[in-house]
Amino acid sequence: ALLFGMVNAVDNPTRQTFVIEMVKEGEIGNAVALNSTQVNVARVIGPAIAGVLIATVGLAWCFAINGVSYIAVLAALVMMRSQDLHKGVSVPRVKGQLREGFKYVASNPLLGNTLIMMAMIGTLSYEFNVILPLFAQFTFHGDARTYAALTSAMGLGSVIASLFTANRKKRSPAMLIHATVLFGITMFLVAISPNFITALIAMVLVGASSINVVTLGNVMLQLESAPEMRGRVMALWTVAFLGSTPIGGPIIGWIGEFAGPRWGLAVGGFAAFVAAGFGRMRYRSL
């Protein structure tokens, strides 16, 4: 798990910036949204397959098959034509680049405030891997298939929303704030769901609202960043949005264990409201 996290620290910012090199500048927003769509198509299909595998051959085979699946990724990369890419400026490695990246983000309020919002959401709201298994097992007395159904429902909502956001031309801080508020509301709807069917419907809404937040934040950061700083900004995005989960995971897990999974989801919804309030306060001055 430690090595997997170290690989992701390199892989995530690299993939985020690589999307830009595959399209022209005016199509970046659409490309990021379509990238989110294919990720979430996998989120619909993957848990369904995993649920069957866990029930038939066990957990370990999920990891083994996942590892083998990377052969397809490597094949796709080999087949790409490098001459067709829109390559950005290659920045030579010099001393102090990390410090320069922090200074650049601190000097740009839009970048800095967006990253802080994403850190709040990533720390307490986006802990679905921690809280949904508890929700499936202890709230609805289910098993791996119950968990797979919840994540598939979330993935379905994400796919629908991603297709919509891929066609959207306008993106602004106000839209990010509104999307974050809706994300918080949908998490509360899951938390108070009286039965499993209602929870599944609410998870579709969670998926739709969450991908809207992620896509808006991602596109705003990429379009606002200077080309030579984009890689470092997206590395900080990875730290803010994904690197914060090890901090919030034990917190949400503790709440879910001792107060109940519903409270873990409610805290995530509240964190989204706090992030939206912070964004509204800080963006107003821009």
# chains A, B, ... in the order shown; residues from 1 in each chain; ligands from 1

$ residues_around --residues "A:Ala50" --least-positions-apart "3" --cutoff "12 Å" --atoms "only C-alpha atoms" --output "list in words"
Ala42, Arg43, Val44, Ile45, Gly46, Pro47, Leu53, Ile54, Ala55, Thr56, Val57, Gly58, Leu59, Ala60, Trp61, Cys62, Phe63, Ala64, Ile65, Asn66, Ala144, Arg145, Thr146, Tyr147, Ala148, Ala149, Thr151 and Ser152 of chain A

$ closest_atom_pairs --of "stretch 33-151 of chain A" --to "stretch 259-278 of chain A" --cutoff "8 Å" --atoms "only C-alpha atoms" --output "CSV"
residue,atom,partner,partner_atom,distance
A:Met117,CA,A:Ala275,CA,5.0
A:Met118,CA,A:Ala275,CA,7.8
A:Met120,CA,A:Ala275,CA,6.0
A:Ile121,CA,A:Ala272,CA,5.7
A:Leu124,CA,A:Gly268,CA,5.0
A:Ser125,CA,A:Gly268,CA,3.7
A:Tyr126,CA,A:Gly268,CA,7.2
A:Glu127,CA,A:Gly268,CA,7.8
A:Ile131,CA,A:Pro261,CA,6.2
A:Leu132,CA,A:Pro261,CA,7.8
A:Leu134,CA,A:Pro261,CA,5.9
A:Phe135,CA,A:Pro261,CA,5.2
A:Phe138,CA,A:Pro261,CA,7.6
A:Thr139,CA,A:Pro261,CA,7.0

$ write_last_selection --atoms "N, CA and C atoms" --output "CSV table (one decimal), in the first residue's frame"
chain,number,residue,atom,x,y,z
A,117,MET,N,-9.8,24.5,-0.9
A,117,MET,CA,-11.1,23.9,-1.0
A,117,MET,C,-11.0,22.4,-1.3
A,118,MET,N,-10.1,22.1,-2.2
A,118,MET,CA,-10.0,20.6,-2.6
A,118,MET,C,-9.4,19.8,-1.4
A,120,MET,N,-9.9,20.5,1.8
A,120,MET,CA,-11.0,20.3,2.8
A,120,MET,C,-11.9,19.1,2.3
A,121,ILE,N,-12.2,19.1,1.0
A,121,ILE,CA,-13.1,18.1,0.5
A,121,ILE,C,-12.4,16.7,0.5
A,124,LEU,N,-12.1,15.1,4.4
A,124,LEU,CA,-13.2,14.6,5.1
A,124,LEU,C,-14.4,14.2,4.3
A,125,SER,N,-14.5,14.7,3.1
A,125,SER,CA,-15.7,14.4,2.2
A,125,SER,C,-15.5,13.2,1.3
A,126,TYR,N,-14.3,13.1,0.8
A,126,TYR,CA,-14.0,12.1,-0.3
A,126,TYR,C,-13.4,10.8,0.3
A,127,GLU,N,-13.9,10.4,1.5
A,127,GLU,CA,-13.4,9.2,2.2
A,127,GLU,C,-14.4,8.1,1.9
A,131,ILE,N,-15.8,4.9,4.4
A,131,ILE,CA,-17.1,5.0,5.1
A,131,ILE,C,-18.1,4.1,4.4
A,132,LEU,N,-18.1,3.9,3.1
A,132,LEU,CA,-19.1,3.1,2.4
A,132,LEU,C,-19.1,1.6,2.8
A,134,LEU,N,-18.4,0.5,5.7
A,134,LEU,CA,-19.1,0.5,7.0
A,134,LEU,C,-20.6,0.7,6.8
A,135,PHE,N,-20.9,1.6,5.9
A,135,PHE,CA,-22.3,1.9,5.6
A,135,PHE,C,-23.0,0.6,5.1
A,138,PHE,N,-22.8,-2.3,8.3
A,138,PHE,CA,-23.4,-2.1,9.6
A,138,PHE,C,-24.8,-1.3,9.5
A,139,THR,N,-25.0,-0.5,8.5
A,139,THR,CA,-26.2,0.2,8.4
A,139,THR,C,-27.3,-0.6,7.7

$ residues_around --residues "stretch 196-204 of chain A" --least-positions-apart "4" --cutoff "8 Å" --atoms "only C-alpha atoms" --output "list in words"
Phe140, Ala149, Leu150, Thr151, Ala153, Met154, Gly155, Leu156, Gly157, Ser158, Thr186, Met187, Leu189, Val190 and Ala208 of chain A

$ residues_around --residues "A:Leu223" --least-positions-apart "2" --cutoff "10 Å" --atoms "only C-alpha atoms" --output "VMD selection string"
chain A and resid 20 25 to 26 28 to 29 218 to 221 225 to 227 230

$ closest_residue --among "A:Phe102, A:Val130, A:Met6, A:Ala31" --to "A:Ile251" --atoms "only C-alpha atoms"
A:Val130

$ closest_residue --among "A:Gly279, A:Gly207, A:Pro13, A:Gly249" --to "A:Val159" --atoms "only C-alpha atoms"
A:Gly207

$ decode --residues "stretch 185-198 of chain A" --atoms "N, CA, C and O atoms" --output "PDB file, in the first residue's frame"
ATOM      1  N   ILE A 185     -25.042  18.582   0.130  1.00  0.00           N
ATOM      2  CA  ILE A 185     -26.457  18.226   0.296  1.00  0.00           C
ATOM      3  C   ILE A 185     -26.684  16.753  -0.034  1.00  0.00           C
ATOM      4  O   ILE A 185     -27.381  16.029   0.694  1.00  0.00           O
ATOM      5  N   THR A 186     -26.081  16.287  -1.137  1.00  0.00           N
ATOM      6  CA  THR A 186     -26.296  14.886  -1.540  1.00  0.00           C
ATOM      7  C   THR A 186     -25.686  13.916  -0.525  1.00  0.00           C
ATOM      8  O   THR A 186     -26.240  12.835  -0.299  1.00  0.00           O
ATOM      9  N   MET A 187     -24.575  14.296   0.102  1.00  0.00           N
ATOM     10  CA  MET A 187     -23.991  13.426   1.127  1.00  0.00           C
ATOM     11  C   MET A 187     -24.919  13.315   2.333  1.00  0.00           C
ATOM     12  O   MET A 187     -25.057  12.248   2.934  1.00  0.00           O
ATOM     13  N   PHE A 188     -25.568  14.415   2.698  1.00  0.00           N
ATOM     14  CA  PHE A 188     -26.550  14.375   3.790  1.00  0.00           C
ATOM     15  C   PHE A 188     -27.740  13.491   3.413  1.00  0.00           C
ATOM     16  O   PHE A 188     -28.297  12.790   4.268  1.00  0.00           O
ATOM     17  N   LEU A 189     -28.133  13.510   2.129  1.00  0.00           N
ATOM     18  CA  LEU A 189     -29.241  12.667   1.690  1.00  0.00           C
ATOM     19  C   LEU A 189     -28.903  11.182   1.863  1.00  0.00           C
ATOM     20  O   LEU A 189     -29.754  10.387   2.265  1.00  0.00           O
ATOM     21  N   VAL A 190     -27.650  10.814   1.551  1.00  0.00           N
ATOM     22  CA  VAL A 190     -27.238   9.424   1.771  1.00  0.00           C
ATOM     23  C   VAL A 190     -27.254   9.103   3.256  1.00  0.00           C
ATOM     24  O   VAL A 190     -27.715   8.032   3.684  1.00  0.00           O
ATOM     25  N   ALA A 191     -26.757  10.037   4.066  1.00  0.00           N
ATOM     26  CA  ALA A 191     -26.652   9.810   5.511  1.00  0.00           C
ATOM     27  C   ALA A 191     -28.012   9.544   6.151  1.00  0.00           C
ATOM     28  O   ALA A 191     -28.115   8.769   7.101  1.00  0.00           O
ATOM     29  N   ILE A 192     -29.071  10.178   5.635  1.00  0.00           N
ATOM     30  CA  ILE A 192     -30.396  10.044   6.258  1.00  0.00           C
ATOM     31  C   ILE A 192     -31.293   9.056   5.499  1.00  0.00           C
ATOM     32  O   ILE A 192     -32.476   8.936   5.816  1.00  0.00           O
ATOM     33  N   SER A 193     -30.737   8.357   4.499  1.00  0.00           N
ATOM     34  CA  SER A 193     -31.547   7.419   3.705  1.00  0.00           C
ATOM     35  C   SER A 193     -32.167   6.352   4.604  1.00  0.00           C
ATOM     36  O   SER A 193     -31.449   5.658   5.337  1.00  0.00           O
ATOM     37  N   PRO A 194     -33.492   6.179   4.545  1.00  0.00           N
ATOM     38  CA  PRO A 194     -34.149   5.212   5.436  1.00  0.00           C
ATOM     39  C   PRO A 194     -33.982   3.760   5.015  1.00  0.00           C
ATOM     40  O   PRO A 194     -34.132   2.862   5.826  1.00  0.00           O
ATOM     41  N   ASN A 195     -33.658   3.532   3.719  1.00  0.00           N
ATOM     42  CA  ASN A 195     -33.505   2.152   3.246  1.00  0.00           C
ATOM     43  C   ASN A 195     -32.459   2.102   2.146  1.00  0.00           C
ATOM     44  O   ASN A 195     -31.956   3.137   1.681  1.00  0.00           O
ATOM     45  N   PHE A 196     -32.128   0.881   1.716  1.00  0.00           N
ATOM     46  CA  PHE A 196     -31.031   0.695   0.774  1.00  0.00           C
ATOM     47  C   PHE A 196     -31.347   1.285  -0.600  1.00  0.00           C
ATOM     48  O   PHE A 196     -30.468   1.874  -1.249  1.00  0.00           O
ATOM     49  N   ILE A 197     -32.585   1.146  -1.068  1.00  0.00           N
ATOM     50  CA  ILE A 197     -32.957   1.688  -2.379  1.00  0.00           C
ATOM     51  C   ILE A 197     -32.811   3.203  -2.398  1.00  0.00           C
ATOM     52  O   ILE A 197     -32.267   3.782  -3.352  1.00  0.00           O
ATOM     53  N   THR A 198     -33.256   3.854  -1.336  1.00  0.00           N
ATOM     54  CA  THR A 198     -33.109   5.303  -1.241  1.00  0.00           C
ATOM     55  C   THR A 198     -31.640   5.695  -1.226  1.00  0.00           C
ATOM     56  O   THR A 198     -31.240   6.683  -1.855  1.00  0.00           O
TER      57      THR A 198
END
